[in-house]
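Undergrad: Pasting in a structure now, in C-alpha cells, and then I'll have a few things to ask.
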Amino acid sequence: MSNLTLDWSYAWPSTAGPADRAGAPDAAEAAQPHAARLEQSLSELPFLSLPFAEELSAQLDSQAEFLRGFRHLLVLGIGGSALGARALQKAFFPAQDRPCHSGPWLWIADNVEPVAFAALLDTLPPDETLVVVVSKSGGTIETVSQYLLTLPWLQKHLPDTWREHLLVVTDTRIGFLREQVGRYGLRSLPVPEGLGGRYSVLSAVGLVPAAFLGMDWKALLRGACDVGRPLAAHPASLSGHPAWKLARWAFHLATHAKNQLIFFCYIPAWATFGPWFAQLWAESLGKNGQGTMPLPAVGVTDQHSLLQMFLDGPLDKGCLFLSAPTPRGPVLGSQDKPWDWLSGKSMGDILEAETLATRMSLAQRGVPLVHVAAPDCGEYAAGKLIMLLEASTIFTGWLMGINPVDQPAVEEGKKLARARLGAPGSGADAERLARFTEREAQADTTLV
C-alpha cells in the first residue's frame with residue numbers, strides 16, 4: 001500500500017520567504033500551540049481518528065445481506081449527506097454510467113427539484129428499492145420533505161413490508177428522524193456525535209451506499225485511519241504531518257492575495273471529489289471575511305473551458321493538482337499524416353502528456369501549485385486523500401482564527417426559508433421577508 005506524494009517544487013509564490021515554507025526551521029515552533037489545541041480537541045473531531053470505525057465495520061458487515069436484497073438504493077440527503085456518496089459512486093462504481101448496466105443502482109435525491117423527484121417515485125419499483133434517509137440533525141427541511149413524500153409512497157405500494165424498505169442515518173439521540181425510528185421501529189445507523197455533514201463521508205453517511213454497490217469500503221477506512229490516527233495518537237507530531245504543511249501553504253496563499261484555490265483533478269474517475277472538496281473547503285473556511293474560493297476543475301475537460309482563466313486571468317489563485325498513474329487503454333493504430341506521430345500511442349499516453357503539460361503551464365505562469373500524486377485510483381488511496389483534505393481544512397481554519405466546523409451564515413437562509421413556509425416561531429423572520437419582498441415589488445424592473 002503506497003503513499004500519496006505531495007510535491008512542493010512549485011508550491012510557493014515569490015511572496016513566501018524561507019520562514020513561510022513547509023518544512024521551514026520554525027515550523028515546529030509555529031505548530032506548537034495548534035498541536036496543544038489538537039490534543040484538547042480530539043473528542044470534537046471524530047472524523048480524525050475515526051473512533052467509531054470498528055463498530056461501524058461490524059454494523060455494515062451485519063447489514064451486507066440485507067443490502068444485497070435490493071436492486072435500487074435511493075438516498076435522500078443534501079450537501080454532505082449526498083456529495084461524498086456521489087463521489088464514491090462515480091469513482092468506484094462507474095458501471096452505472098456505462099451502457100447496458102443492469103444494477104445495482106444508486107439514486108441520490110439531493111435537491112428539491114419537483115420534476116426529477118416525481119420521476120423517481122413514478123419509475124422506481126418500490127419492492128426492489130431501499131430508501132436511505134440521511135440527516136445528522138434529523139431536521140434538514142429538504143430531506144425531511146422528501147421523506148414525508150416517500151413514506152406514503154412506500155406505505156401505499158408495500159402496506160405490509162414498507163418498514164423493511166427504509167434505513168435512517170441520523171443522530172443517535174435527538175431529532176425528528178430519530179423520533180421516526182422509534183415510532184415505526186425503523187432500521188437505523190448513527191451519525192457519530194460531533195460529526196458534521198461535510199466531514200461524514202467515512203461514516204454510515206457515505207459507506208452505506210458504498211457497501212450497497214460492493215465497493216471496498218474497508219480500504220477507504222484503512223487509508224483514512226493511516227493518515228488521521230497518527231495525528232490523534234501523537235498530536236505533538238503535527239508540524240511534520242502533511243495535513244499541517246498543506247494548511248500552512250493554504251493559509252499563506254489566503255493572506256497574500258491568493259483568494260481562489262483550484263482543485264484540479266487529473267484523475268478522471270475522481271472528478272466528483274471536486275464538488276465534495278468545494279463544500280468541505282467553502283463551508284468550513286468562508287467566515288468573517290476570510291477564506292479562499294474553491295474552484296473544482298477536471299482534467300482534461302476543463303483545459304477547454306477554465307484553463308484560459310487560470311493561466312491568463314488574475315494572479316489570485318493557488319492550485320491543488322491531483323494525478324495518478326494512467327492505464328494505457330485503447331491504442332491508436334497506424335495513422336496517416338498529419339496524425340502519424342500518434343501511431344502506437346494510447347489514450348493513457350495522451351492523458352499523461354496533457355497532465356504534465358497543464359501542470360507545467362500553471363507553474364510557469366506563477367500559479368502556486370502543490371502536486372498530489374496518488375499511487376493508483378483505488379479505495380485505499382482515496383481514503384488517504386479524504387483524510388488529508390479534511391485534516392488540512394481543520395488546520396487552515398485554526399490558522400485563520402475561525403471555527404472550521406460550523407456554518408453560521410448558512411443557518412440564516414434556513415431560518416428565512418422556514419419562515420416563508422410558515423414554520424412556528426418564525427414571526428420575526430417572516431416580517432423581515434415581507435420588508436424584503438416589498439422593496440422588490442417597488443423596484444424598477446427591466447424586461448429582456
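By convention in this document, the chains of the C-alpha cells carry letters A, B, ... by their order, each chain's residues are numbered from 1, and ligands are numbered from 1 in the order they are shown.
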Using DSSP on the backbone coordinates, identify the residues of segment 199-358 of chain A assigned to strand (DSSP E); present them as a PyMOL selection string.

TA: chain A and resi 260-265+293-298+317-323

Undergrad: Quick one: write out the picked residues with N, CA, C and O atoms as a PDB file, in the first residue's frame?

TA:
```
ATOM      1  N   GLN A 260      -8.392  32.337  -4.418  1.00  0.00           N
ATOM      2  CA  GLN A 260      -9.083  31.215  -5.050  1.00  0.00           C
ATOM      3  C   GLN A 260      -8.155  29.998  -5.055  1.00  0.00           C
ATOM      4  O   GLN A 260      -6.956  30.135  -5.309  1.00  0.00           O
ATOM      5  N   LEU A 261      -8.731  28.835  -4.765  1.00  0.00           N
ATOM      6  CA  LEU A 261      -7.945  27.603  -4.723  1.00  0.00           C
ATOM      7  C   LEU A 261      -8.513  26.623  -5.744  1.00  0.00           C
ATOM      8  O   LEU A 261      -9.623  26.107  -5.584  1.00  0.00           O
ATOM      9  N   ILE A 262      -7.743  26.378  -6.788  1.00  0.00           N
ATOM     10  CA  ILE A 262      -8.148  25.431  -7.830  1.00  0.00           C
ATOM     11  C   ILE A 262      -7.922  24.012  -7.315  1.00  0.00           C
ATOM     12  O   ILE A 262      -6.848  23.688  -6.808  1.00  0.00           O
ATOM     13  N   PHE A 263      -8.932  23.171  -7.446  1.00  0.00           N
ATOM     14  CA  PHE A 263      -8.810  21.740  -7.160  1.00  0.00           C
ATOM     15  C   PHE A 263      -8.843  21.044  -8.518  1.00  0.00           C
ATOM     16  O   PHE A 263      -9.897  20.712  -9.033  1.00  0.00           O
ATOM     17  N   PHE A 264      -7.660  20.888  -9.105  1.00  0.00           N
ATOM     18  CA  PHE A 264      -7.560  20.407 -10.489  1.00  0.00           C
ATOM     19  C   PHE A 264      -7.291  18.906 -10.465  1.00  0.00           C
ATOM     20  O   PHE A 264      -6.197  18.451 -10.164  1.00  0.00           O
ATOM     21  N   CYS A 265      -8.305  18.125 -10.781  1.00  0.00           N
ATOM     22  CA  CYS A 265      -8.236  16.672 -10.667  1.00  0.00           C
ATOM     23  C   CYS A 265      -7.984  16.051 -12.041  1.00  0.00           C
ATOM     24  O   CYS A 265      -8.879  16.012 -12.879  1.00  0.00           O
ATOM     25  N   MET A 293     -11.896  30.803  -2.263  1.00  0.00           N
ATOM     26  CA  MET A 293     -12.967  30.166  -3.025  1.00  0.00           C
ATOM     27  C   MET A 293     -12.451  28.911  -3.710  1.00  0.00           C
ATOM     28  O   MET A 293     -11.513  28.979  -4.515  1.00  0.00           O
ATOM     29  N   PRO A 294     -13.023  27.740  -3.412  1.00  0.00           N
ATOM     30  CA  PRO A 294     -12.591  26.515  -4.101  1.00  0.00           C
ATOM     31  C   PRO A 294     -13.141  26.479  -5.520  1.00  0.00           C
ATOM     32  O   PRO A 294     -14.308  26.796  -5.759  1.00  0.00           O
ATOM     33  N   LEU A 295     -12.292  26.089  -6.450  1.00  0.00           N
ATOM     34  CA  LEU A 295     -12.668  26.019  -7.862  1.00  0.00           C
ATOM     35  C   LEU A 295     -12.410  24.600  -8.365  1.00  0.00           C
ATOM     36  O   LEU A 295     -11.298  24.276  -8.771  1.00  0.00           O
ATOM     37  N   PRO A 296     -13.406  23.719  -8.334  1.00  0.00           N
ATOM     38  CA  PRO A 296     -13.186  22.368  -8.854  1.00  0.00           C
ATOM     39  C   PRO A 296     -12.991  22.401 -10.371  1.00  0.00           C
ATOM     40  O   PRO A 296     -13.710  23.094 -11.092  1.00  0.00           O
ATOM     41  N   ALA A 297     -12.013  21.657 -10.840  1.00  0.00           N
ATOM     42  CA  ALA A 297     -11.762  21.546 -12.275  1.00  0.00           C
ATOM     43  C   ALA A 297     -11.324  20.123 -12.579  1.00  0.00           C
ATOM     44  O   ALA A 297     -10.700  19.466 -11.737  1.00  0.00           O
ATOM     45  N   VAL A 298     -11.644  19.655 -13.776  1.00  0.00           N
ATOM     46  CA  VAL A 298     -11.378  18.272 -14.168  1.00  0.00           C
ATOM     47  C   VAL A 298     -10.483  18.273 -15.389  1.00  0.00           C
ATOM     48  O   VAL A 298     -10.780  18.925 -16.397  1.00  0.00           O
ATOM     49  N   LYS A 317      -4.742  32.971  -7.665  1.00  0.00           N
ATOM     50  CA  LYS A 317      -5.092  31.573  -7.467  1.00  0.00           C
ATOM     51  C   LYS A 317      -3.903  30.734  -7.035  1.00  0.00           C
ATOM     52  O   LYS A 317      -2.773  30.981  -7.445  1.00  0.00           O
ATOM     53  N   GLY A 318      -4.194  29.725  -6.202  1.00  0.00           N
ATOM     54  CA  GLY A 318      -3.292  28.614  -5.963  1.00  0.00           C
ATOM     55  C   GLY A 318      -3.942  27.368  -6.523  1.00  0.00           C
ATOM     56  O   GLY A 318      -5.103  27.375  -6.930  1.00  0.00           O
ATOM     57  N   CYS A 319      -3.192  26.268  -6.546  1.00  0.00           N
ATOM     58  CA  CYS A 319      -3.730  25.063  -7.171  1.00  0.00           C
ATOM     59  C   CYS A 319      -3.302  23.809  -6.423  1.00  0.00           C
ATOM     60  O   CYS A 319      -2.111  23.595  -6.179  1.00  0.00           O
ATOM     61  N   LEU A 320      -4.288  22.991  -6.051  1.00  0.00           N
ATOM     62  CA  LEU A 320      -4.054  21.607  -5.652  1.00  0.00           C
ATOM     63  C   LEU A 320      -4.242  20.767  -6.907  1.00  0.00           C
ATOM     64  O   LEU A 320      -5.331  20.745  -7.484  1.00  0.00           O
ATOM     65  N   PHE A 321      -3.202  20.083  -7.320  1.00  0.00           N
ATOM     66  CA  PHE A 321      -3.204  19.381  -8.602  1.00  0.00           C
ATOM     67  C   PHE A 321      -3.080  17.886  -8.328  1.00  0.00           C
ATOM     68  O   PHE A 321      -2.083  17.425  -7.782  1.00  0.00           O
ATOM     69  N   LEU A 322      -4.112  17.111  -8.701  1.00  0.00           N
ATOM     70  CA  LEU A 322      -4.141  15.677  -8.426  1.00  0.00           C
ATOM     71  C   LEU A 322      -3.863  14.881  -9.692  1.00  0.00           C
ATOM     72  O   LEU A 322      -4.411  15.171 -10.763  1.00  0.00           O
ATOM     73  N   SER A 323      -3.033  13.841  -9.533  1.00  0.00           N
ATOM     74  CA  SER A 323      -2.818  12.926 -10.648  1.00  0.00           C
ATOM     75  C   SER A 323      -2.549  11.534 -10.103  1.00  0.00           C
ATOM     76  O   SER A 323      -2.311  11.344  -8.910  1.00  0.00           O
TER      77      SER A 323
END
```

Undergrad: Counting only C-alpha atoms, which residues of segment 209-296 of chain A fall within 10 Å of segment 391-400 of chain A, and what is the closest atom pair for each with its distance in Å at one decimal, ordered by chain and rising number, as JSON lines?

TA:
```
{"residue": "A:Val227", "atom": "CA", "partner": "A:Ala391", "partner_atom": "CA", "distance": 9.1}
{"residue": "A:Gly228", "atom": "CA", "partner": "A:Ala391", "partner_atom": "CA", "distance": 7.6}
{"residue": "A:Leu231", "atom": "CA", "partner": "A:Ala391", "partner_atom": "CA", "distance": 9.4}
{"residue": "A:Leu238", "atom": "CA", "partner": "A:Phe395", "partner_atom": "CA", "distance": 9.8}
{"residue": "A:His241", "atom": "CA", "partner": "A:Ser392", "partner_atom": "CA", "distance": 9.8}
{"residue": "A:Pro242", "atom": "CA", "partner": "A:Ser392", "partner_atom": "CA", "distance": 8.2}
{"residue": "A:Ala243", "atom": "CA", "partner": "A:Ser392", "partner_atom": "CA", "distance": 4.5}
{"residue": "A:Trp244", "atom": "CA", "partner": "A:Ser392", "partner_atom": "CA", "distance": 6.1}
{"residue": "A:Lys245", "atom": "CA", "partner": "A:Ser392", "partner_atom": "CA", "distance": 8.1}
{"residue": "A:Leu246", "atom": "CA", "partner": "A:Ser392", "partner_atom": "CA", "distance": 6.1}
{"residue": "A:Ala247", "atom": "CA", "partner": "A:Thr396", "partner_atom": "CA", "distance": 4.6}
{"residue": "A:Arg248", "atom": "CA", "partner": "A:Thr396", "partner_atom": "CA", "distance": 6.8}
{"residue": "A:Trp249", "atom": "CA", "partner": "A:Thr396", "partner_atom": "CA", "distance": 8.8}
{"residue": "A:Ala250", "atom": "CA", "partner": "A:Thr396", "partner_atom": "CA", "distance": 6.8}
{"residue": "A:Phe251", "atom": "CA", "partner": "A:Thr396", "partner_atom": "CA", "distance": 5.9}
{"residue": "A:His252", "atom": "CA", "partner": "A:Leu399", "partner_atom": "CA", "distance": 9.5}
{"residue": "A:Ala254", "atom": "CA", "partner": "A:Met400", "partner_atom": "CA", "distance": 8.9}
{"residue": "A:Thr255", "atom": "CA", "partner": "A:Met400", "partner_atom": "CA", "distance": 9.0}
{"residue": "A:Phe277", "atom": "CA", "partner": "A:Thr393", "partner_atom": "CA", "distance": 9.7}
{"residue": "A:Leu280", "atom": "CA", "partner": "A:Thr393", "partner_atom": "CA", "distance": 7.5}
{"residue": "A:Trp281", "atom": "CA", "partner": "A:Thr393", "partner_atom": "CA", "distance": 6.3}
{"residue": "A:Ala282", "atom": "CA", "partner": "A:Thr393", "partner_atom": "CA", "distance": 9.6}
{"residue": "A:Ser284", "atom": "CA", "partner": "A:Thr393", "partner_atom": "CA", "distance": 7.2}
{"residue": "A:Leu285", "atom": "CA", "partner": "A:Gly397", "partner_atom": "CA", "distance": 5.9}
{"residue": "A:Gly286", "atom": "CA", "partner": "A:Gly397", "partner_atom": "CA", "distance": 9.3}
{"residue": "A:Lys287", "atom": "CA", "partner": "A:Gly397", "partner_atom": "CA", "distance": 9.3}
{"residue": "A:Asn288", "atom": "CA", "partner": "A:Met400", "partner_atom": "CA", "distance": 9.7}
{"residue": "A:Gln290", "atom": "CA", "partner": "A:Met400", "partner_atom": "CA", "distance": 7.6}
{"residue": "A:Gly291", "atom": "CA", "partner": "A:Met400", "partner_atom": "CA", "distance": 8.1}
```

Undergrad: Might you pull out every residue within 6 Å of segment 68-84 of chain A, with only C-alpha atoms counted and same-chain residues fewer than 5 positions away left off, and present them as a ChimeraX atom specification?

TA: /A:104-110,128-134,143,197-198,201,206,276

Undergrad: May I have the residues from that selection written out with N, CA and C atoms, as a tab-separated table (two decimals), in the first residue's frame?

TA:
```tsv
chain	number	residue	atom	x	y	z
A	104	PRO	N	-26.53	-3.23	-9.45
A	104	PRO	CA	-27.40	-2.37	-8.64
A	104	PRO	C	-27.32	-0.89	-9.05
A	105	TRP	N	-28.32	-0.14	-8.60
A	105	TRP	CA	-28.45	1.26	-8.99
A	105	TRP	C	-28.51	2.14	-7.74
A	106	LEU	N	-27.72	3.21	-7.74
A	106	LEU	CA	-27.75	4.20	-6.67
A	106	LEU	C	-28.36	5.49	-7.22
A	107	TRP	N	-29.39	6.00	-6.54
A	107	TRP	CA	-30.02	7.26	-6.91
A	107	TRP	C	-29.91	8.21	-5.73
A	108	ILE	N	-29.50	9.45	-6.00
A	108	ILE	CA	-29.30	10.42	-4.92
A	108	ILE	C	-30.18	11.62	-5.18
A	109	ALA	N	-31.16	11.82	-4.31
A	109	ALA	CA	-32.07	12.96	-4.42
A	109	ALA	C	-31.53	14.07	-3.54
A	110	ASP	N	-30.73	14.95	-4.13
A	110	ASP	CA	-30.02	15.96	-3.34
A	110	ASP	C	-30.52	17.37	-3.63
A	128	GLU	N	-38.27	-3.30	-4.94
A	128	GLU	CA	-36.84	-3.54	-5.15
A	128	GLU	C	-35.98	-2.37	-4.67
A	129	THR	N	-36.61	-1.44	-3.96
A	129	THR	CA	-35.92	-0.19	-3.60
A	129	THR	C	-35.77	-0.06	-2.09
A	130	LEU	N	-34.57	0.30	-1.66
A	130	LEU	CA	-34.30	0.69	-0.28
A	130	LEU	C	-34.12	2.20	-0.24
A	131	VAL	N	-34.86	2.88	0.61
A	131	VAL	CA	-34.75	4.33	0.77
A	131	VAL	C	-33.89	4.60	2.01
A	132	VAL	N	-32.80	5.31	1.81
A	132	VAL	CA	-31.90	5.66	2.91
A	132	VAL	C	-32.03	7.16	3.15
A	133	VAL	N	-32.51	7.52	4.33
A	133	VAL	CA	-32.75	8.92	4.70
A	133	VAL	C	-31.58	9.39	5.55
A	134	VAL	N	-30.89	10.45	5.10
A	134	VAL	CA	-29.65	10.87	5.75
A	134	VAL	C	-29.74	12.32	6.20
A	143	THR	N	-34.48	17.29	3.11
A	143	THR	CA	-34.51	15.84	3.31
A	143	THR	C	-35.79	15.38	3.99
A	197	GLY	N	-21.85	17.18	8.61
A	197	GLY	CA	-22.13	16.55	7.33
A	197	GLY	C	-20.97	16.53	6.37
A	198	ARG	N	-20.24	17.64	6.24
A	198	ARG	CA	-19.18	17.70	5.25
A	198	ARG	C	-17.95	16.88	5.65
A	201	VAL	N	-18.30	11.59	5.20
A	201	VAL	CA	-18.32	10.62	4.12
A	201	VAL	C	-17.84	9.25	4.57
A	206	GLY	N	-21.67	7.91	4.00
A	206	GLY	CA	-21.11	7.55	2.70
A	206	GLY	C	-20.91	6.06	2.51
A	276	TRP	N	-17.24	17.63	-3.82
A	276	TRP	CA	-17.16	17.26	-2.40
A	276	TRP	C	-16.17	18.18	-1.67
```

Undergrad: What separation in Å, quoted to one decimal, exists between atom CA of Gly196 of chain A and atom CA of Asp216 of chain A?

TA: 23.5 Å

Undergrad: So that I can check the surroundings of Arg420 of chain A, please list as a list in words every protein, DNA and RNA residue that reaches within 12 Å of it, counting only C-alpha atoms and ignoring chain neighbours fewer than 2 positions away.

TA: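 Using only C-alpha atoms, the neighbours found are Gly413, Lys414, Lys415, Leu416, Ala417, Arg418, Gly422, Ala423, Pro424, Gly425, Ser426, Gly427, Ala428, Asp429, Ala430, Glu431, Arg432, Leu433, Ala434, Phe436 and Thr437 of chain A.
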
Undergrad: Any chance you could export the current selection's C-alpha atoms as an mmCIF file, in the first residue's frame?

TA:
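Ended up saving to part-v3.cif:
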```
data_model
loop_
_atom_site.group_PDB
_atom_site.id
_atom_site.type_symbol
_atom_site.label_atom_id
_atom_site.label_comp_id
_atom_site.auth_asym_id
_atom_site.auth_seq_id
_atom_site.Cartn_x
_atom_site.Cartn_y
_atom_site.Cartn_z
ATOM 1 C CA GLY A 413 -31.025 31.166 4.870
ATOM 2 C CA LYS A 414 -32.512 28.096 6.514
ATOM 3 C CA LYS A 415 -34.364 30.257 9.037
ATOM 4 C CA LEU A 416 -35.774 32.516 6.325
ATOM 5 C CA ALA A 417 -36.928 29.574 4.213
ATOM 6 C CA ARG A 418 -38.748 28.090 7.207
ATOM 7 C CA GLY A 422 -44.958 29.166 7.815
ATOM 8 C CA ALA A 423 -42.876 27.329 10.419
ATOM 9 C CA PRO A 424 -43.976 28.032 14.007
ATOM 10 C CA GLY A 425 -41.953 30.656 15.860
ATOM 11 C CA SER A 426 -40.753 32.395 12.690
ATOM 12 C CA GLY A 427 -42.687 35.641 13.098
ATOM 13 C CA ALA A 428 -39.695 37.987 13.214
ATOM 14 C CA ASP A 429 -38.121 36.332 10.186
ATOM 15 C CA ALA A 430 -41.435 36.486 8.320
ATOM 16 C CA GLU A 431 -41.560 40.244 8.916
ATOM 17 C CA ARG A 432 -38.053 40.630 7.536
ATOM 18 C CA LEU A 433 -39.046 38.650 4.448
ATOM 19 C CA ALA A 434 -42.082 40.866 3.964
ATOM 20 C CA PHE A 436 -37.504 42.440 1.550
ATOM 21 C CA THR A 437 -40.196 41.444 -0.939
#
```
